[in-house]
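Participant: Sharing a structure below in structure tokens format, with a few things to ask.
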Amino acid sequence: MELSRSLVEIRNLRIGFYSHQGCVQAVDGVSLVVPSGGSVGLVGESGCGKTLTALAIAKLIPQVRDLHIEGQILFEGRSVFDMSESELSLVRGGKIAYVFQEAGAALNPTMRIGRQIAEAIAAHRRGSNTDSEVHNLLRQVGIPDPSRISRCYPHELSGGMQQRVMIAMAVASRPKLLVADEPTTALDVTIQAQILELIKAIQRSTGMALLLITHNLGLVADSTDLLAVMYAGRILEWGLTEELLTAPAHPYTAALLKAAPQLSSTAWRAEQCLESIRGVVPSPAQLPVGCKFAPRCCRARPLCHEAEPDLSGLGGPLSSGSTPVEEQPDKRITLSDRRRVRCWHPLSETDG
Amino acid sequence: MTMTIIETENLCIRYNGSGKSPGIRALDGVSITVRQGESTGLVGESGCGKTTLANAVLRMLPPTSGAVRFEGRDVWRLSGAELLRFRRRVQMVFQDPTGALNPRLSVGASLEEVLRVHGLASCATVRQRVTELLAAVGLEPVYATRYPHELSGGQRQRVGIARALAVEPALLICDEPVSALDVSVQIQILNLLKSIRRQAGLAYLFIAHDLAVVRYMCERVLVMYRGRVVEEAPTEDLFQHPAHPYTVALLSAVPDVERGLKARHGDSGRIVLRGDMPSPVEDIPGCPFHTRCWQTTEICCHTAPPAVTVADGHISVCHFAKHHLR
């Protein structure tokens, strides 16, 4: 699969800080791309670093003591970490919009909805009749009675409505990228379905790219083209969503697929006994030596506990620090659709 | 005939409004039966009343009308020794393992407290009993000295379960016991709950929004919507032959890897409901689901639907209930 341009390119991102437990490397060598207009999923369990990675794209990492960031993030070809504050303020909200899990917490409780949306519009677009713009936006996100809703306060709306309002504010500036961090986790399933359909519809009509961060594999299955599986601050597997989910190469991906509650799977029946992944996710301050998943992996061999594998193509290991992006001689960025996996003994087609 | 532990009869719980506000019908005529050793799932979305029902069964919320009975006796008529017995026999495991544990007590102290209050162990035997309880939930004896903040989410949940088991209950109400846990830990806790049930012959009232989890854990499922039970059936029958439109919509909305991948090449077949659940304050005439149902007709808007038996033990509250709805 060849894509003309990557909108976002993360190269070897490292984010570390000091906590009372010592030096914590929360993100350790993450590389990925979001193609223009594409949809990328970032999955992982708690503490894997997916939210920090997503925040880093717009340089939104909280300024804690002794924070150190390494690596490069390119947005539309320009380095985010080298941008000035004024350049960043144009990008944030203007070109890159965020939607988080708790929409209610992100809305100003003392301001009516209409005014908040108008603020979002005015921040990035000039010279528009904001009242009808506000109503148009609300309609665009599927809110049927925009004039009434505009006059409501956030607490008067349900969770699903609040999330729609957040999405309206996020897309007000027609951003190139929407970063959605667990946008539907706090919502009921029937509302989840609506919200995801809404995001996809907006993508179809505006060509917006999507970075969807979630722990739910079912959501990425039909909403994303590319998928990164993260664990303990690094990417363990990367590739086309469809390929990863039908034939995972990393034991962790395979284990996640088996552990995720799936209605269509016959394993989730009362008379069955599911196999769990033994152990727990390691604390970022106390990561094991070698492969970070090895202590829990049923395929682990001695090498796995001694040395950490690089993220490499399925055909064999490449040079260290390899990214999923290759620069062609004519300077075109080509997204390699080769799968990348960080494992000494990846699963193959013949594995059960 | 297996003994009935808990029975609710036409249970209504209404929070009265003040002044102009009409109040909320949290439960609107719910009749359920939980028998010894049975695992019953309760599913529904926010506002459907499943947690209110759990609290009513636990005798924490008085009914506005209707009754909650424990072993045939109205729980609000129990007192003294009988009430203490009820408190032992019906226990709860909560969703948030952190909030459920006293942060200032060690795990051992929390468990000892429970045993002492119910007179279940003497000073001589209490330590031994704590060790046994920890073992029953897969924790080593050393965990007795740990404090909640030193444990992972999964471990805290195990302690919560141990505490509920300490009093030797007959019914365990599990309110979203794994939704706050990572996927990789969820199965460990679910398997633990399953094995405990097998060994102790416990009954479960299992509340979960995740339908696959309910399918894995329960023999029977009740689907709730706006304070009423709209469908109830043996688990596999419900999932394979849902007989109520809301159940059908709920099942199709669940994110699913296999279905999601298929959807990339064509229609997902997912039913996307119109609108949100109406405000709980609003009085919906007829069928409570008619404002969002794609099969709504005239009769649905003004006549409350009857409870129709579509198959053995399978009831659907719908004017158009039939066993093969899709």
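Chain lettering (A, B, ...) mirrors the order of the structure tokens, residue numbering begins at 1 for each chain separately, and ligand numbering begins at 1 in order of display.
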Can you list, as JSON, numbers by chain, every residue of stretch 92-268 of chain B that DSSP puts in alpha helix (DSSP H)?
Facilitator: {"B": [107, 108, 109, 110, 111, 112, 113, 114, 115, 116, 117, 126, 127, 128, 129, 130, 131, 132, 133, 134, 135, 136, 153, 154, 155, 156, 157, 158, 159, 160, 161, 162, 163, 164, 165, 183, 184, 185, 186, 187, 188, 189, 190, 191, 192, 193, 194, 195, 196, 197, 198, 199, 200, 211, 212, 213, 214, 215, 216, 217, 235, 236, 237, 238, 239, 240, 245, 246, 247, 248, 249, 250, 251, 252, 253, 257, 258, 259, 260, 261, 262, 263]}
Participant: Need the shell around B:Leu101: protein/DNA/RNA residues with any atom at most 8 Å away, counting only C-alpha atoms. Skip same-chain ones fewer than 5 positions apart. Format as a ChimeraX atom specification?
Facilitator: /B:110,148,156,160
Participant: Which residues of chain A are close to chain B, meaning at most 7 Å apart when you count only C-alpha atoms, and how do they look as a list in words?
Facilitator: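 Listed by rising number, the hits are Glu45, Ser46, Asp188, Val189, Thr190, Ala193, Gln194, Leu217, Gly218, Leu219, Ala221, Asp222, Glu242, Leu256, Ala259, Ala260, Pro261, Gln262, Leu263, Ser264, Trp268, Arg269, Ala270, Leu274, Ser276, Ile277 and Val280 of chain A.
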Participant: Can you tell me which residues surround A:Thr110 at a distance of at most 12 Å, considering only C-alpha atoms, apart from same-chain residues fewer than 3 positions away, and format the answer as number ranges by chain?
Facilitator: A: 104-107, 113-116, 151-156
Participant: Figure out the distance between atom CA of A:Ser265 and atom CA of A:Met230, please, to one decimal in Å.
Facilitator: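 Computing the Euclidean distance for atom CA of A:Met230 and atom CA of A:Ser265 yields 23.6 Å.
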